[in-house]
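Asks: For reference, this is my_file-v3.pdb, and it has PDB, C-alpha atoms and all ligand atoms.
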```
ATOM      1  CA  MET A1468      18.476  21.060 -82.300  1.00  0.00           C
ATOM      2  CA  ASP A1469      19.503  22.093 -85.788  1.00  0.00           C
ATOM      3  CA  GLY A1470      17.629  25.081 -87.118  1.00  0.00           C
ATOM      4  CA  VAL A1471      15.823  25.947 -83.893  1.00  0.00           C
ATOM      5  CA  THR A1472      15.699  29.676 -83.281  1.00  0.00           C
ATOM      6  CA  VAL A1473      14.775  31.272 -79.966  1.00  0.00           C
ATOM      7  CA  PRO A1474      15.148  34.823 -78.664  1.00  0.00           C
ATOM      8  CA  ILE A1475      18.576  35.338 -77.144  1.00  0.00           C
ATOM      9  CA  GLU A1476      17.303  35.518 -73.557  1.00  0.00           C
ATOM     10  CA  GLU A1477      15.132  32.413 -73.793  1.00  0.00           C
ATOM     11  CA  PRO A1478      16.298  28.834 -73.494  1.00  0.00           C
ATOM     12  CA  PHE A1479      16.193  26.124 -76.109  1.00  0.00           C
ATOM     13  CA  VAL A1480      14.035  23.153 -75.215  1.00  0.00           C
ATOM     14  CA  THR A1481      15.550  19.830 -76.197  1.00  0.00           C
ATOM     15  CA  PRO A1482      13.526  16.911 -77.562  1.00  0.00           C
ATOM     16  CA  ALA A1483      13.671  15.392 -74.042  1.00  0.00           C
ATOM     17  CA  GLY A1484      12.157  18.566 -72.565  1.00  0.00           C
ATOM     18  CA  TYR A1485      15.231  20.089 -70.891  1.00  0.00           C
ATOM     19  CA  ARG A1486      15.936  23.776 -71.097  1.00  0.00           C
ATOM     20  CA  LEU A1487      19.318  25.010 -72.251  1.00  0.00           C
ATOM     21  CA  MET A1488      20.404  28.609 -72.810  1.00  0.00           C
ATOM     22  CA  TYR A1489      23.091  27.417 -75.239  1.00  0.00           C
ATOM     23  CA  SER A1490      24.598  24.117 -76.270  1.00  0.00           C
ATOM     24  CA  GLY A1491      26.439  22.502 -73.374  1.00  0.00           C
ATOM     25  CA  ASP A1492      24.497  24.574 -70.825  1.00  0.00           C
ATOM     26  CA  ARG A1493      23.519  22.706 -67.682  1.00  0.00           C
ATOM     27  CA  SER A1494      22.541  25.733 -65.584  1.00  0.00           C
ATOM     28  CA  LEU A1495      18.818  25.074 -66.036  1.00  0.00           C
ATOM     29  CA  GLY A1496      19.042  21.457 -64.905  1.00  0.00           C
ATOM     30  CA  ALA A1497      19.810  19.568 -68.092  1.00  0.00           C
ATOM     31  CA  PRO A1498      21.517  16.276 -67.147  1.00  0.00           C
ATOM     32  CA  PRO A1499      24.932  15.373 -68.615  1.00  0.00           C
ATOM     33  CA  GLY A1500      23.244  13.155 -71.207  1.00  0.00           C
ATOM     34  CA  GLU A1501      21.695  16.258 -72.724  1.00  0.00           C
ATOM     35  CA  VAL A1502      24.948  18.118 -73.089  1.00  0.00           C
ATOM     36  CA  VAL A1503      27.778  15.623 -73.596  1.00  0.00           C
ATOM     37  CA  ASN A1504      28.862  15.296 -77.197  1.00  0.00           C
ATOM     38  CA  CYS A1505      26.738  18.284 -77.996  1.00  0.00           C
ATOM     39  CA  ARG A1506      28.574  20.356 -80.536  1.00  0.00           C
ATOM     40  CA  CYS A1507      25.762  22.576 -81.690  1.00  0.00           C
ATOM     41  CA  THR A1508      26.595  25.993 -83.019  1.00  0.00           C
ATOM     42  CA  ILE A1509      24.449  28.936 -82.157  1.00  0.00           C
ATOM     43  CA  VAL A1510      24.524  30.937 -85.356  1.00  0.00           C
ATOM     44  CA  GLY A1511      23.758  34.600 -85.620  1.00  0.00           C
ATOM     45  CA  ALA A1512      23.430  35.075 -81.874  1.00  0.00           C
ATOM     46  CA  ARG A1513      24.726  38.470 -80.918  1.00  0.00           C
ATOM     47  CA  LEU A1514      25.290  40.317 -77.688  1.00  0.00           C
ATOM     48  CA  GLU A1515      22.885  43.175 -77.263  1.00  0.00           C
ATOM     49  CA  GLY A1516      25.602  45.383 -75.803  1.00  0.00           C
ATOM     50  CA  THR A1517      27.934  47.550 -77.742  1.00  0.00           C
ATOM     51  CA  MET A1518      31.517  48.331 -76.980  1.00  0.00           C
ATOM     52  CA  GLN A1519      33.201  51.411 -78.340  1.00  0.00           C
ATOM     53  CA  GLY A1520      30.260  51.735 -80.705  1.00  0.00           C
ATOM     54  CA  VAL A1521      30.915  48.418 -82.364  1.00  0.00           C
ATOM     55  CA  GLN A1522      28.554  45.519 -81.921  1.00  0.00           C
ATOM     56  CA  GLN A1523      30.483  42.611 -80.485  1.00  0.00           C
ATOM     57  CA  GLU A1524      30.157  39.113 -81.749  1.00  0.00           C
ATOM     58  CA  GLN A1525      28.981  36.634 -79.164  1.00  0.00           C
ATOM     59  CA  ILE A1526      31.289  33.775 -78.356  1.00  0.00           C
ATOM     60  CA  GLN A1527      29.729  30.737 -79.965  1.00  0.00           C
ATOM     61  CA  VAL A1528      29.695  27.280 -78.467  1.00  0.00           C
ATOM     62  CA  GLY A1529      30.958  24.929 -81.164  1.00  0.00           C
ATOM     63  CA  VAL A1530      33.076  27.649 -82.759  1.00  0.00           C
ATOM     64  CA  HIS A1531      35.188  29.454 -80.140  1.00  0.00           C
ATOM     65  CA  VAL A1532      34.689  26.925 -77.356  1.00  0.00           C
ATOM     66  CA  LEU A1533      33.458  23.368 -77.768  1.00  0.00           C
ATOM     67  CA  ALA A1534      31.527  23.402 -74.497  1.00  0.00           C
ATOM     68  CA  ALA A1535      30.748  25.968 -71.848  1.00  0.00           C
ATOM     69  CA  SER A1536      29.040  26.161 -68.485  1.00  0.00           C
ATOM     70  CA  SER A1537      28.579  28.742 -65.789  1.00  0.00           C
ATOM     71  CA  VAL A1538      27.352  28.904 -62.205  1.00  0.00           C
ATOM     72  CA  LEU A1539      26.474  32.580 -62.731  1.00  0.00           C
ATOM     73  CA  SER A1540      23.442  34.132 -64.410  1.00  0.00           C
ATOM     74  CA  ARG A1541      23.323  34.336 -68.158  1.00  0.00           C
ATOM     75  CA  SER A1542      23.859  38.104 -68.193  1.00  0.00           C
ATOM     76  CA  LYS A1543      26.849  37.920 -65.846  1.00  0.00           C
ATOM     77  CA  THR A1544      28.286  35.059 -67.850  1.00  0.00           C
ATOM     78  CA  LYS A1545      27.893  37.065 -71.053  1.00  0.00           C
ATOM     79  CA  GLN A1546      29.673  39.984 -69.403  1.00  0.00           C
ATOM     80  CA  ILE A1547      32.553  37.726 -68.402  1.00  0.00           C
ATOM     81  CA  PHE A1548      32.829  36.151 -71.856  1.00  0.00           C
ATOM     82  CA  ARG A1549      32.860  39.656 -73.356  1.00  0.00           C
ATOM     83  CA  ALA A1550      36.431  39.862 -72.053  1.00  0.00           C
ATOM     84  CA  ILE A1551      37.351  37.652 -75.008  1.00  0.00           C
ATOM     85  CA  ASN A1552      36.248  40.444 -77.343  1.00  0.00           C
ATOM     86  CA  THR A1553      37.961  43.101 -75.239  1.00  0.00           C
ATOM     87  CA  ALA A1554      41.185  41.108 -75.512  1.00  0.00           C
ATOM     88  CA  GLY A1555      40.706  40.790 -79.296  1.00  0.00           C
ATOM     89  CA  LEU A1556      40.835  37.004 -79.098  1.00  0.00           C
ATOM     90  CA  GLU A1557      37.636  35.889 -80.850  1.00  0.00           C
ATOM     91  CA  GLY A1558      39.509  35.314 -84.134  1.00  0.00           C
ATOM     92  CA  PHE A1559      42.223  33.393 -82.306  1.00  0.00           C
ATOM     93  CA  LEU A1560      39.650  31.175 -80.593  1.00  0.00           C
ATOM     94  CA  ARG A1561      37.951  30.539 -83.916  1.00  0.00           C
ATOM     95  CA  GLU A1562      41.258  29.070 -85.121  1.00  0.00           C
ATOM     96  CA  HIS A1563      42.221  27.480 -81.798  1.00  0.00           C
ATOM     97  CA  PRO A1564      39.015  26.717 -79.888  1.00  0.00           C
ATOM     98  CA  LEU A1565      39.011  25.856 -76.224  1.00  0.00           C
ATOM     99  CA  ALA A1566      37.710  22.383 -75.393  1.00  0.00           C
ATOM    100  CA  ARG A1567      35.846  23.823 -72.392  1.00  0.00           C
ATOM    101  CA  LEU A1568      35.239  27.194 -70.827  1.00  0.00           C
ATOM    102  CA  ASP A1569      33.621  27.024 -67.396  1.00  0.00           C
ATOM    103  CA  VAL A1570      32.738  29.592 -64.775  1.00  0.00           C
ATOM    104  CA  VAL A1571      32.834  27.582 -61.557  1.00  0.00           C
ATOM    105  CA  ARG A1572      32.902  28.048 -57.792  1.00  0.00           C
ATOM    106  CA  VAL A1573      36.036  26.589 -56.308  1.00  0.00           C
ATOM    107  CA  GLN A1574      36.825  26.570 -52.600  1.00  0.00           C
ATOM    108  CA  MET A1575      40.241  27.412 -51.288  1.00  0.00           C
ATOM    109  CA  VAL A1576      42.682  24.644 -52.064  1.00  0.00           C
ATOM    110  CA  GLY A1577      45.213  24.140 -49.263  1.00  0.00           C
ATOM    111  CA  GLY A1578      44.663  27.676 -47.994  1.00  0.00           C
ATOM    112  CA  ARG A1579      45.223  29.038 -51.469  1.00  0.00           C
ATOM    113  CA  GLN A1580      42.602  30.583 -53.666  1.00  0.00           C
ATOM    114  CA  ILE A1581      42.862  29.788 -57.356  1.00  0.00           C
ATOM    115  CA  ASN A1582      41.376  32.398 -59.687  1.00  0.00           C
ATOM    116  CA  GLY A1583      41.474  30.228 -62.756  1.00  0.00           C
ATOM    117  CA  GLU A1584      43.304  27.520 -64.579  1.00  0.00           C
ATOM    118  CA  TYR A1585      44.163  26.475 -68.121  1.00  0.00           C
ATOM    119  CA  ASP A1586      45.254  22.964 -69.049  1.00  0.00           C
ATOM    120  CA  GLU A1587      47.580  22.941 -72.063  1.00  0.00           C
ATOM    121  CA  GLN A1588      46.924  19.249 -72.760  1.00  0.00           C
ATOM    122  CA  THR A1589      43.131  19.246 -72.666  1.00  0.00           C
ATOM    123  CA  ARG A1590      42.595  22.926 -73.685  1.00  0.00           C
ATOM    124  CA  GLU A1591      40.133  23.265 -70.821  1.00  0.00           C
ATOM    125  CA  LEU A1592      39.883  26.599 -69.047  1.00  0.00           C
ATOM    126  CA  TRP A1593      37.974  27.594 -65.940  1.00  0.00           C
ATOM    127  CA  VAL A1594      37.684  30.745 -63.932  1.00  0.00           C
ATOM    128  CA  ASN A1595      36.594  30.983 -60.321  1.00  0.00           C
ATOM    129  CA  ALA A1596      33.448  32.944 -59.462  1.00  0.00           C
ATOM    130  CA  ARG A1597      34.106  32.451 -55.760  1.00  0.00           C
ATOM    131  CA  ARG A1598      36.773  35.000 -54.892  1.00  0.00           C
ATOM    132  CA  SER A1599      37.335  36.637 -51.569  1.00  0.00           C
ATOM    133  CA  GLU A1600      37.379  40.417 -51.323  1.00  0.00           C
ATOM    134  CA  GLN A1601      41.147  40.316 -50.946  1.00  0.00           C
ATOM    135  CA  THR A1602      41.496  39.146 -54.557  1.00  0.00           C
ATOM    136  CA  PHE A1603      40.282  42.357 -56.214  1.00  0.00           C
ATOM    137  CA  ALA A1604      40.083  46.149 -55.755  1.00  0.00           C
ATOM    138  CA  GLN A1605      43.657  46.079 -54.470  1.00  0.00           C
ATOM    139  CA  PRO A1606      46.082  49.005 -54.744  1.00  0.00           C
ATOM    140  CA  PHE A1607      48.960  48.793 -57.215  1.00  0.00           C
ATOM    141  CA  ARG A1608      52.377  48.083 -55.762  1.00  0.00           C
ATOM    142  CA  LEU A1609      55.032  47.335 -58.354  1.00  0.00           C
ATOM    143  CA  GLY A1610      56.042  43.672 -58.228  1.00  0.00           C
ATOM    144  CA  THR A1611      54.033  43.075 -55.066  1.00  0.00           C
ATOM    145  CA  THR A1612      50.348  43.258 -56.066  1.00  0.00           C
ATOM    146  CA  SER A1613      49.379  39.619 -56.542  1.00  0.00           C
ATOM    147  CA  SER A1614      48.066  39.874 -60.108  1.00  0.00           C
ATOM    148  CA  ILE A1615      46.547  42.178 -62.710  1.00  0.00           C
ATOM    149  CA  SER A1616      43.159  40.703 -61.804  1.00  0.00           C
ATOM    150  CA  ALA A1617      43.632  41.956 -58.223  1.00  0.00           C
ATOM    151  CA  LEU A1618      43.620  45.530 -59.585  1.00  0.00           C
ATOM    152  CA  ALA A1619      40.122  45.099 -61.026  1.00  0.00           C
ATOM    153  CA  PRO A1620      37.534  47.339 -59.322  1.00  0.00           C
ATOM    154  CA  THR A1621      34.796  44.695 -59.045  1.00  0.00           C
ATOM    155  CA  LEU A1622      34.428  40.945 -58.703  1.00  0.00           C
ATOM    156  CA  LEU A1623      33.064  40.601 -62.240  1.00  0.00           C
ATOM    157  CA  ALA A1624      35.934  42.641 -63.678  1.00  0.00           C
ATOM    158  CA  ALA A1625      38.398  40.488 -61.728  1.00  0.00           C
ATOM    159  CA  ILE A1626      36.902  37.325 -63.232  1.00  0.00           C
ATOM    160  CA  GLN A1627      37.199  38.907 -66.704  1.00  0.00           C
ATOM    161  CA  ARG A1628      40.876  39.664 -66.116  1.00  0.00           C
ATOM    162  CA  SER A1629      41.523  36.146 -64.855  1.00  0.00           C
ATOM    163  CA  LEU A1630      39.844  34.801 -67.996  1.00  0.00           C
ATOM    164  CA  VAL A1631      42.181  36.896 -70.167  1.00  0.00           C
ATOM    165  CA  HIS A1632      45.183  35.724 -68.098  1.00  0.00           C
ATOM    166  CA  GLU A1633      44.238  32.071 -68.676  1.00  0.00           C
ATOM    167  CA  LEU A1634      43.533  32.752 -72.361  1.00  0.00           C
ATOM    168  CA  ALA A1635      47.066  34.140 -72.595  1.00  0.00           C
ATOM    169  CA  HIS A1636      48.324  30.721 -71.470  1.00  0.00           C
ATOM    170  CA  HIS A1637      46.243  29.225 -74.297  1.00  0.00           C
ATOM    171  CA  VAL A1638      47.841  31.661 -76.775  1.00  0.00           C
ATOM    172  CA  TYR A1639      51.308  30.813 -75.455  1.00  0.00           C
ATOM    173  CA  SER A1640      50.839  27.043 -75.665  1.00  0.00           C
ATOM    174  CA  ARG A1641      49.164  27.090 -79.101  1.00  0.00           C
ATOM    175  CA  LYS A1642      51.152  29.750 -80.939  1.00  0.00           C
ATOM    176  CA  ILE A1643      54.270  30.848 -79.089  1.00  0.00           C
ATOM    177  CA  PHE A1644      55.776  27.802 -77.437  1.00  0.00           C
ATOM    178  CA  ALA A1645      58.633  26.373 -79.554  1.00  0.00           C
ATOM    179  CA  THR A1646      58.442  29.105 -82.201  1.00  0.00           C
ATOM    180  CA  PRO A1647      60.772  32.081 -82.808  1.00  0.00           C
ATOM    181  CA  LEU A1648      58.309  34.169 -80.814  1.00  0.00           C
ATOM    182  CA  GLU A1649      59.220  32.185 -77.720  1.00  0.00           C
ATOM    183  CA  GLY A1650      62.693  33.739 -77.881  1.00  0.00           C
ATOM    184  CA  VAL A1651      61.078  37.173 -77.846  1.00  0.00           C
ATOM    185  CA  VAL A1652      59.088  36.267 -74.718  1.00  0.00           C
ATOM    186  CA  LEU A1653      62.102  34.638 -72.993  1.00  0.00           C
ATOM    187  CA  GLY A1654      64.215  37.707 -73.685  1.00  0.00           C
ATOM    188  CA  ALA A1655      61.586  40.053 -72.308  1.00  0.00           C
ATOM    189  CA  ALA A1656      61.086  37.892 -69.212  1.00  0.00           C
ATOM    190  CA  LYS A1657      64.806  38.262 -68.509  1.00  0.00           C
ATOM    191  CA  LEU A1658      64.976  42.024 -69.010  1.00  0.00           C
ATOM    192  CA  GLY A1659      61.499  43.133 -68.030  1.00  0.00           C
ATOM    193  CA  THR A1660      60.195  44.464 -64.737  1.00  0.00           C
ATOM    194  CA  PRO A1661      57.363  42.231 -63.483  1.00  0.00           C
ATOM    195  CA  LEU A1662      54.364  44.429 -62.687  1.00  0.00           C
ATOM    196  CA  THR A1663      52.897  41.884 -60.294  1.00  0.00           C
ATOM    197  CA  PHE A1664      54.062  39.082 -58.058  1.00  0.00           C
ATOM    198  CA  ARG A1665      52.408  36.606 -60.418  1.00  0.00           C
ATOM    199  CA  ALA A1666      54.448  37.983 -63.319  1.00  0.00           C
ATOM    200  CA  SER A1667      57.667  37.227 -61.450  1.00  0.00           C
ATOM    201  CA  VAL A1668      57.179  33.474 -60.964  1.00  0.00           C
ATOM    202  CA  GLY A1669      58.148  32.281 -64.446  1.00  0.00           C
ATOM    203  CA  VAL A1670      58.203  32.985 -68.163  1.00  0.00           C
ATOM    204  CA  LYS A1671      54.652  31.792 -68.847  1.00  0.00           C
ATOM    205  CA  GLU A1672      53.252  33.812 -65.956  1.00  0.00           C
ATOM    206  CA  TYR A1673      55.234  36.853 -67.059  1.00  0.00           C
ATOM    207  CA  PHE A1674      53.706  36.511 -70.521  1.00  0.00           C
ATOM    208  CA  ALA A1675      50.161  35.994 -69.195  1.00  0.00           C
ATOM    209  CA  GLU A1676      50.388  38.980 -66.847  1.00  0.00           C
ATOM    210  CA  CYS A1677      51.900  41.268 -69.502  1.00  0.00           C
ATOM    211  CA  PHE A1678      49.169  40.155 -71.917  1.00  0.00           C
ATOM    212  CA  THR A1679      46.449  40.923 -69.357  1.00  0.00           C
ATOM    213  CA  ALA A1680      48.053  44.238 -68.425  1.00  0.00           C
ATOM    214  CA  TYR A1681      48.228  45.204 -72.104  1.00  0.00           C
ATOM    215  CA  VAL A1682      44.449  44.747 -72.301  1.00  0.00           C
ATOM    216  CA  TYR A1683      43.414  46.306 -68.979  1.00  0.00           C
ATOM    217  CA  GLU A1684      46.324  48.317 -67.536  1.00  0.00           C
ATOM    218  CA  ARG A1685      48.234  49.419 -70.597  1.00  0.00           C
ATOM    219  CA  ASP A1686      49.437  52.678 -69.088  1.00  0.00           C
ATOM    220  CA  LEU A1687      50.850  50.903 -66.031  1.00  0.00           C
ATOM    221  CA  LEU A1688      52.579  48.370 -68.266  1.00  0.00           C
ATOM    222  CA  GLN A1689      54.044  51.004 -70.542  1.00  0.00           C
ATOM    223  CA  LYS A1690      55.238  53.056 -67.595  1.00  0.00           C
ATOM    224  CA  HIS A1691      56.746  50.352 -65.386  1.00  0.00           C
ATOM    225  CA  ASP A1692      57.595  47.564 -67.833  1.00  0.00           C
ATOM    226  CA  PRO A1693      58.224  48.997 -71.308  1.00  0.00           C
ATOM    227  CA  VAL A1694      60.031  45.760 -72.231  1.00  0.00           C
ATOM    228  CA  GLY A1695      56.908  43.690 -71.509  1.00  0.00           C
ATOM    229  CA  HIS A1696      54.758  46.246 -73.303  1.00  0.00           C
ATOM    230  CA  ALA A1697      56.928  46.075 -76.435  1.00  0.00           C
ATOM    231  CA  MET A1698      56.959  42.263 -76.247  1.00  0.00           C
ATOM    232  CA  ILE A1699      53.165  41.981 -76.171  1.00  0.00           C
ATOM    233  CA  LYS A1700      52.814  44.574 -78.925  1.00  0.00           C
ATOM    234  CA  ARG A1701      55.185  42.546 -81.119  1.00  0.00           C
ATOM    235  CA  VAL A1702      53.468  39.243 -80.296  1.00  0.00           C
ATOM    236  CA  ARG A1703      50.041  40.685 -81.057  1.00  0.00           C
ATOM    237  CA  GLU A1704      51.258  42.045 -84.380  1.00  0.00           C
ATOM    238  CA  GLU A1705      52.841  38.722 -85.361  1.00  0.00           C
ATOM    239  CA  LEU A1706      49.690  36.803 -84.436  1.00  0.00           C
ATOM    240  CA  GLY A1707      47.443  39.296 -86.217  1.00  0.00           C
ATOM    241  CA  LEU A1708      45.577  40.228 -83.032  1.00  0.00           C
ATOM    242  CA  PRO A1709      43.790  43.591 -83.169  1.00  0.00           C
TER     243      PRO A1709
HETATM  244 ZN    ZN B   1      48.886  31.829 -64.965  1.00  0.00          ZN
END
```
Could I get this file's structure written as structure tokens?
Replies:
Amino acid sequence: MDGVTVPIEEPFVTPAGYRLMYSGDRSLGAPPGEVVNCRCTIVGARLEGTMQGVQQEQIQVGVHVLAASSVLSRSKTKQIFRAINTAGLEGFLREHPLARLDVVRVQMVGGRQINGEYDEQTRELWVNARRSEQTFAQPFRLGTTSSISALAPTLLAAIQRSLVHELAHHVYSRKIFATPLEGVVLGAAKLGTPLTFRASVGVKEYFAECFTAYVYERDLLQKHDPVGHAMIKRVREELGLP
């Protein structure tokens, strides 16, 4: 596939005749044989949208993530992945790529709905596109609202927030765990005021929720948990995140 150029909204066609929107894409019916071990890089591909007047760089398969898939349309998937730019994490992912990033539909597991998951060992991350209406557009109640993603106004925005939450776990495991910064996070987790229920269940969840709140609900974070706000600000400075 090296050197093949197609318009951004049109699929690549592989030598075997399968259509892929990007390397690793199976949404158009490509069998696993067409996508496993595929580490192509889509170079120069850019999102057509602009954010705050600045053209955003598209997340590249082979650079920021080694493989990606999505059950949603290409445009919705692009919107979700744009959260990586909003969170200022494209540089981080360039240095510490995810092994997989998947938008999937997961049923309730044991009566519990999982919005996403990150595996520290495999560096695989998925977010759930199947969320009930109770998992977003919720009112804010300090320490009681389930998560920062539950405050999102729409389903798509909730998936974006869950992606940033899981990416925060990636940041923690790759750059903060067992470094002096971990002491900063531990200290804040002890003294801070968890904004959400999720933030109250442990240090890593506190970090992930503060990180997500810093991106999407900064005023709430600053107002109710200035300790967590200062912690994320410090962490972002130390890691060189914008
Ligand atoms: Zn979490």
Asks: Residues up to 8 Å from ligand ZN 1 (chain B), counting only C-alpha atoms and all ligand atoms: could you list those as an mmCIF file with C-alpha atoms, in the coordinates of the input?
Replies:
```cif
data_model
loop_
_atom_site.group_PDB
_atom_site.id
_atom_site.type_symbol
_atom_site.label_atom_id
_atom_site.label_comp_id
_atom_site.auth_asym_id
_atom_site.auth_seq_id
_atom_site.Cartn_x
_atom_site.Cartn_y
_atom_site.Cartn_z
ATOM 1 C CA GLY A 1583 41.474 30.228 -62.756
ATOM 2 C CA GLU A 1584 43.304 27.520 -64.579
ATOM 3 C CA TYR A 1585 44.163 26.475 -68.121
ATOM 4 C CA HIS A 1632 45.183 35.724 -68.098
ATOM 5 C CA GLU A 1633 44.238 32.071 -68.676
ATOM 6 C CA HIS A 1636 48.324 30.721 -71.470
ATOM 7 C CA ARG A 1665 52.408 36.606 -60.418
ATOM 8 C CA LYS A 1671 54.652 31.792 -68.847
ATOM 9 C CA GLU A 1672 53.252 33.812 -65.956
ATOM 10 C CA ALA A 1675 50.161 35.994 -69.195
ATOM 11 C CA GLU A 1676 50.388 38.980 -66.847
#
```
Asks: Give the answer as one residue: which of A:Lys1642, A:Arg1541, A:Arg1549, A:His1563 has the shortest atom-to-atom distance to Arg1703 of chain A, using all atoms listed in the file?
Replies: A:Lys1642
Asks: For Val1631 of chain A, which residue out of A:Gln1546, A:Gln1580, A:Thr1663, A:Ser1616 is the nearest one, using only C-alpha atoms?
Replies: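 Ranking A:Gln1546, A:Gln1580, A:Thr1663, A:Ser1616 by distance to Val1631 of chain A, first place goes to A:Ser1616.
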Asks: Under the PyMOL selection byres (((chain A and resi 1548) around 12) and not hetatm), which residues of this model are included? Write them out as a VMD selection string.
Replies: chain A and resid 1514 1523 to 1528 1531 to 1532 1535 to 1537 1539 1541 to 1547 1549 to 1557 1568 to 1570 1593 to 1594 1623 to 1624 1626 to 1631 1634
Asks: Hey, can you check how far atom CA of Arg1597 of chain A sits from atom CA of Ile1581 of chain A?
Replies: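 Computing it gives 9.3 Å between the two atoms.
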Asks: What is the distance, in Å and to one decimal place, between atom CA of Ala1625 of chain A and atom CA of Phe1678 of chain A?
Replies: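 Result for atom CA of Ala1625 of chain A versus atom CA of Phe1678 of chain A: 14.8 Å, one decimal.
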Asks: As an exercise, work out the distance from atom CA of Pro1564 of chain A to atom CA of Leu1708 of chain A in Å and give it to one decimal place.
Replies: 15.3 Å
Asks: Find the residues near Pro1606 of chain A: any atom within 9 Å, counting all atoms listed in the file, skip ones fewer than 2 places away on the same chain, and give them as a PyMOL selection string.
Replies: chain A and resi 1603-1604+1608+1612+1617-1618
